>>> print(open('data01.cif').read())   # mmCIF, C-alpha atoms; chains and numbers go by the auth columns
data_input
loop_
_atom_site.group_PDB
_atom_site.id
_atom_site.type_symbol
_atom_site.label_atom_id
_atom_site.label_comp_id
_atom_site.label_asym_id
_atom_site.label_seq_id
_atom_site.Cartn_x
_atom_site.Cartn_y
_atom_site.Cartn_z
_atom_site.B_iso_or_equiv
_atom_site.auth_seq_id
_atom_site.auth_asym_id
ATOM 1 C CA MET A 1 99.272 129.289 61.187 0.00 1 A
ATOM 2 C CA LYS A 2 101.190 126.101 62.072 0.00 2 A
ATOM 3 C CA LYS A 3 104.449 128.040 62.213 0.00 3 A
ATOM 4 C CA LEU A 4 102.891 130.544 64.647 0.00 4 A
ATOM 5 C CA ILE A 5 101.690 127.762 66.946 0.00 5 A
ATOM 6 C CA THR A 6 105.067 126.029 66.940 0.00 6 A
ATOM 7 C CA TRP A 7 106.836 129.316 67.716 0.00 7 A
ATOM 8 C CA LEU A 8 104.398 129.989 70.568 0.00 8 A
ATOM 9 C CA MET A 9 104.998 126.515 71.989 0.00 9 A
ATOM 10 C CA LEU A 10 108.749 126.950 71.696 0.00 10 A
ATOM 11 C CA GLY A 11 108.515 130.344 73.401 0.00 11 A
ATOM 12 C CA CYS A 12 106.470 128.886 76.238 0.00 12 A
ATOM 13 C CA LEU A 13 109.021 126.152 76.801 0.00 13 A
ATOM 14 C CA LEU A 14 111.911 128.629 76.839 0.00 14 A
ATOM 15 C CA ILE A 15 110.152 130.970 79.266 0.00 15 A
ATOM 16 C CA GLY A 16 109.242 128.164 81.615 0.00 16 A
ATOM 17 C CA PHE A 17 105.605 127.462 80.910 0.00 17 A
ATOM 18 C CA GLY A 18 105.163 123.814 80.124 0.00 18 A
ATOM 19 C CA VAL A 19 102.388 121.803 78.645 0.00 19 A
ATOM 20 C CA PRO A 20 100.760 119.768 81.453 0.00 20 A
ATOM 21 C CA THR A 21 101.377 116.060 81.138 0.00 21 A
ATOM 22 C CA GLN A 22 99.433 113.051 82.349 0.00 22 A
ATOM 23 C CA ALA A 23 101.883 112.496 85.224 0.00 23 A
ATOM 24 C CA ALA A 24 101.277 116.016 86.518 0.00 24 A
ATOM 25 C CA HIS A 25 97.534 115.321 86.792 0.00 25 A
ATOM 26 C CA GLN A 26 97.917 112.037 88.677 0.00 26 A
ATOM 27 C CA GLY A 27 98.951 113.679 91.932 0.00 27 A
ATOM 28 C CA ILE A 28 101.275 112.376 94.627 0.00 28 A
ATOM 29 C CA LYS A 29 101.822 108.618 94.691 0.00 29 A
ATOM 30 C CA THR A 30 101.590 106.969 98.117 0.00 30 A
ATOM 31 C CA LYS A 31 101.408 103.381 99.333 0.00 31 A
ATOM 32 C CA TYR A 32 97.595 103.394 99.193 0.00 32 A
ATOM 33 C CA GLY A 33 97.010 105.371 95.991 0.00 33 A
ATOM 34 C CA TYR A 34 97.309 108.765 94.367 0.00 34 A
ATOM 35 C CA ILE A 35 96.334 111.853 96.350 0.00 35 A
ATOM 36 C CA GLU A 36 95.953 115.520 95.515 0.00 36 A
ATOM 37 C CA LEU A 37 96.765 118.142 98.138 0.00 37 A
ATOM 38 C CA TYR A 38 93.717 120.204 99.067 0.00 38 A
ATOM 39 C CA ASP A 39 95.415 122.337 101.732 0.00 39 A
ATOM 40 C CA PRO A 40 98.897 121.983 103.225 0.00 40 A
ATOM 41 C CA ASP A 41 97.615 119.432 105.760 0.00 41 A
ATOM 42 C CA THR A 42 94.637 117.862 103.935 0.00 42 A
ATOM 43 C CA ALA A 43 94.287 115.883 100.711 0.00 43 A
ATOM 44 C CA ILE A 44 91.767 114.212 98.408 0.00 44 A
ATOM 45 C CA TYR A 45 92.068 110.584 97.265 0.00 45 A
ATOM 46 C CA ILE A 46 92.255 110.334 93.448 0.00 46 A
ATOM 47 C CA LYS A 47 92.596 106.624 92.599 0.00 47 A
ATOM 48 C CA PRO A 48 94.275 103.383 93.695 0.00 48 A
ATOM 49 C CA VAL A 49 97.792 102.572 92.547 0.00 49 A
ATOM 50 C CA ARG A 50 96.682 99.512 90.571 0.00 50 A
ATOM 51 C CA ASN A 51 93.543 97.587 89.696 0.00 51 A
ATOM 52 C CA GLN A 52 92.810 95.545 92.828 0.00 52 A
ATOM 53 C CA ARG A 53 89.864 93.972 94.646 0.00 53 A
ATOM 54 C CA ILE A 54 90.293 95.677 98.032 0.00 54 A
ATOM 55 C CA VAL A 55 90.878 99.441 98.191 0.00 55 A
ATOM 56 C CA ARG A 56 91.828 101.191 101.428 0.00 56 A
ATOM 57 C CA VAL A 57 91.509 104.942 101.811 0.00 57 A
ATOM 58 C CA PRO A 58 93.561 105.677 104.951 0.00 58 A
ATOM 59 C CA ASP A 59 92.917 108.270 107.644 0.00 59 A
ATOM 60 C CA GLN A 60 96.222 109.991 106.920 0.00 60 A
ATOM 61 C CA VAL A 61 99.432 109.519 104.957 0.00 61 A
ATOM 62 C CA VAL A 62 102.971 110.825 105.361 0.00 62 A
ATOM 63 C CA VAL A 63 104.211 113.073 102.526 0.00 63 A
ATOM 64 C CA ASP A 64 107.760 114.452 102.811 0.00 64 A
ATOM 65 C CA GLY A 65 107.717 113.914 106.582 0.00 65 A
ATOM 66 C CA TYR A 66 104.361 115.670 107.154 0.00 66 A
ATOM 67 C CA ASN A 67 101.126 113.985 108.195 0.00 67 A
ATOM 68 C CA VAL A 68 98.422 114.733 105.646 0.00 68 A
ATOM 69 C CA ARG A 69 94.790 113.869 106.450 0.00 69 A
ATOM 70 C CA ILE A 70 92.670 112.487 103.619 0.00 70 A
ATOM 71 C CA ILE A 71 89.280 114.230 103.820 0.00 71 A
ATOM 72 C CA GLY A 72 87.602 113.195 100.568 0.00 72 A
ATOM 73 C CA VAL A 73 87.567 111.198 97.367 0.00 73 A
ATOM 74 C CA LYS A 74 87.169 112.211 93.735 0.00 74 A
ATOM 75 C CA ARG A 75 84.126 111.171 91.734 0.00 75 A
ATOM 76 C CA LYS A 76 86.017 108.788 89.439 0.00 76 A
ATOM 77 C CA ALA A 77 88.225 107.290 92.160 0.00 77 A
ATOM 78 C CA PHE A 78 86.504 103.893 92.117 0.00 78 A
ATOM 79 C CA LYS A 79 85.743 103.401 88.423 0.00 79 A
ATOM 80 C CA LEU A 80 87.849 100.238 88.167 0.00 80 A
ATOM 81 C CA LYS A 81 85.847 97.053 87.527 0.00 81 A
ATOM 82 C CA ARG A 82 87.615 94.682 89.935 0.00 82 A
ATOM 83 C CA ILE A 83 86.819 96.604 93.148 0.00 83 A
ATOM 84 C CA ARG A 84 84.810 94.491 95.609 0.00 84 A
ATOM 85 C CA THR A 85 85.543 96.123 98.987 0.00 85 A
ATOM 86 C CA ILE A 86 86.351 99.714 99.925 0.00 86 A
ATOM 87 C CA TYR A 87 87.559 100.727 103.385 0.00 87 A
ATOM 88 C CA LEU A 88 87.108 104.467 104.052 0.00 88 A
ATOM 89 C CA GLY A 89 89.085 106.185 106.812 0.00 89 A
ATOM 90 C CA LYS A 90 87.550 108.172 109.642 0.00 90 A
ATOM 91 C CA ASN A 91 88.541 111.575 108.202 0.00 91 A
ATOM 92 C CA VAL A 92 86.779 111.074 104.844 0.00 92 A
ATOM 93 C CA PHE A 93 83.625 113.186 104.569 0.00 93 A
ATOM 94 C CA LEU A 94 83.762 114.849 101.124 0.00 94 A
ATOM 95 C CA ILE A 95 82.193 112.346 98.745 0.00 95 A
ATOM 96 C CA PRO A 96 80.564 113.515 95.478 0.00 96 A
ATOM 97 C CA LYS A 97 77.338 111.989 94.151 0.00 97 A
ATOM 98 C CA LYS A 98 77.523 108.709 92.209 0.00 98 A
ATOM 99 C CA THR A 99 81.059 107.980 93.424 0.00 99 A
ATOM 100 C CA PHE A 100 80.258 104.327 94.142 0.00 100 A
ATOM 101 C CA LYS A 101 78.166 103.797 91.007 0.00 101 A
ATOM 102 C CA ARG A 102 80.268 100.918 89.617 0.00 102 A
ATOM 103 C CA VAL A 103 81.070 99.267 92.959 0.00 103 A
ATOM 104 C CA LYS A 104 79.179 95.995 93.367 0.00 104 A
ATOM 105 C CA GLY A 105 80.739 94.863 96.649 0.00 105 A
ATOM 106 C CA LYS A 106 80.668 96.539 100.044 0.00 106 A
ATOM 107 C CA VAL A 107 81.789 99.881 101.428 0.00 107 A
ATOM 108 C CA ILE A 108 83.076 99.792 105.005 0.00 108 A
ATOM 109 C CA VAL A 109 83.271 103.058 106.967 0.00 109 A
ATOM 110 C CA LYS A 110 84.727 103.943 110.371 0.00 110 A
ATOM 111 C CA ASN A 111 82.577 106.813 111.643 0.00 111 A
ATOM 112 C CA LYS A 112 79.089 108.287 111.440 0.00 112 A
ATOM 113 C CA MET A 113 80.066 111.347 109.375 0.00 113 A
ATOM 114 C CA THR A 114 81.503 109.112 106.640 0.00 114 A
ATOM 115 C CA TRP A 115 78.379 106.917 106.839 0.00 115 A
ATOM 116 C CA GLN A 116 76.134 109.903 106.075 0.00 116 A
ATOM 117 C CA ALA A 117 78.412 111.051 103.227 0.00 117 A
ATOM 118 C CA VAL A 118 78.300 107.604 101.583 0.00 118 A
ATOM 119 C CA LYS A 119 74.498 107.451 101.919 0.00 119 A
ATOM 120 C CA ARG A 120 74.221 110.882 100.256 0.00 120 A
ATOM 121 C CA SER A 121 76.531 109.793 97.433 0.00 121 A
ATOM 122 C CA GLY A 122 73.583 107.965 95.947 0.00 122 A
ATOM 123 C CA ASN A 123 73.122 105.318 93.289 0.00 123 A
ATOM 124 C CA GLY A 124 75.069 102.102 93.538 0.00 124 A
ATOM 125 C CA LYS A 125 74.700 98.377 94.077 0.00 125 A
ATOM 126 C CA PHE A 126 76.981 98.308 97.108 0.00 126 A
ATOM 127 C CA ARG A 127 76.339 97.238 100.691 0.00 127 A
ATOM 128 C CA LEU A 128 77.201 99.846 103.331 0.00 128 A
ATOM 129 C CA MET A 129 78.714 98.567 106.581 0.00 129 A
ATOM 130 C CA MET A 130 79.942 100.226 109.781 0.00 130 A
ATOM 131 C CA LYS A 131 83.215 99.010 111.299 0.00 131 A
#
>>> encode(input="data01.cif", output="structure tokens")
Amino acid sequence: MKKLITWLMLGCLLIGFGVPTQAAHQGIKTKYGYIELYDPDTAIYIKPVRNQRIVRVPDQVVVDGYNVRIIGVKRKAFKLKRIRTIYLGKNVFLIPKKTFKRVKGKVIVKNKMTWQAVKRSGNGKFRLMMK
């Protein structure tokens, strides 16, 4: 059985199918964090580049010379323990429930649509502020 599995893996590598690695799942690295393309001109914020106190999710980023709007965040984007302040851009409106569960600081938003999305996201010990 082990020989069959190794031959199948070798065949997949020769044909061109690879085993997905951790780097492939991280997404595209930008100045503000990792993003995952949702459409050709929109993206979702995955996580910050490093463990930091202040996290900024921008309105848009430039990827290969194209402006890409960030319209949402992933559920586990803010699971780091050091986060105290999160700034969300004006284009962010897709926020899953319990995204800010571990955040104990404040979440600062730029528009009303983002405000409603953060309120719907539910449980958390954060303070919501409008900028």
>>> closest_atom_pairs(input="data01.cif", of="segment 86-125 of chain A", to="segment 40-63 of chain A", cutoff="6 Å", atoms="all atoms listed in the file", output="Markdown table")
| residue | atom | partner | partner_atom | distance |
| --- | --- | --- | --- | --- |
| A:Ile86 | CA | A:Val55 | CA | 4.9 |
| A:Tyr87 | CA | A:Arg56 | CA | 4.7 |
| A:Leu88 | CA | A:Val57 | CA | 5.0 |
| A:Gly89 | CA | A:Asp59 | CA | 4.4 |
| A:Lys90 | CA | A:Asp59 | CA | 5.7 |
| A:Asn91 | CA | A:Asp59 | CA | 5.5 |
>>> atom_distance(input="data01.cif", atom1="atom CA of Met113 of chain A", atom2="atom CA of Gly65 of chain A")
27.9 Å
>>> closest_residue(input="data01.cif", among="A:Val107, A:Gly72, A:Ile28, A:Glu36", to="Met130 of chain A", atoms="only C-alpha atoms")
A:Val107
>>> closest_residue(input="data01.cif", among="A:Trp115, A:Lys76, A:Met129, A:Arg82", to="Phe100 of chain A", atoms="only C-alpha atoms")
A:Lys76
>>> resolve_selection(input="data01.cif", expression="the PyMOL selection byres ((chain A and resi 126) around 10)", output="list in words")
Arg84, Thr85, Ile86, Phe100, Lys101, Arg102, Val103, Lys104, Gly105, Lys106, Val107, Asn123, Gly124, Lys125, Arg127, Leu128 and Met129 of chain A
>>> atom_distance(input="data01.cif", atom1="atom CA of Asp64 of chain A", atom2="atom CA of Ala77 of chain A")
23.4 Å
>>> atom_distance(input="data01.cif", atom1="atom CA of Asn111 of chain A", atom2="atom CA of Tyr32 of chain A")
19.8 Å
>>> axis_aligned_box(input="data01.cif", around="segment 38-52 of chain A", padding_each_side="4 Å", output="lines of an AutoDock Vina configuration file")
center_x = 95.3
center_y = 108.9
center_z = 97.7
size_x = 15.1
size_y = 34.8
size_z = 24.1
>>> residues_around(input="data01.cif", residues="Thr99 of chain A", least_positions_apart="6", cutoff="8 Å", atoms="all atoms listed in the file", output="list in words")
Lys74, Arg75, Lys76, Ala77, Phe78, Ser121 and Gly122 of chain A
>>> residues_around(input="data01.cif", residues="Phe93 of chain A", least_positions_apart="6", cutoff="6 Å", atoms="all atoms listed in the file", output="tab-separated table (two decimals) with C-alpha atoms, keeping the file's coordinate frame")
chain	number	residue	atom	x	y	z
A	71	ILE	CA	89.28	114.23	103.82
A	72	GLY	CA	87.60	113.20	100.57
A	114	THR	CA	81.50	109.11	106.64
A	117	ALA	CA	78.41	111.05	103.23
>>> closest_residue(input="data01.cif", among="A:Lys81, A:Lys131, A:Lys97, A:Lys31", to="Lys110 of chain A", atoms="only C-alpha atoms")
A:Lys131
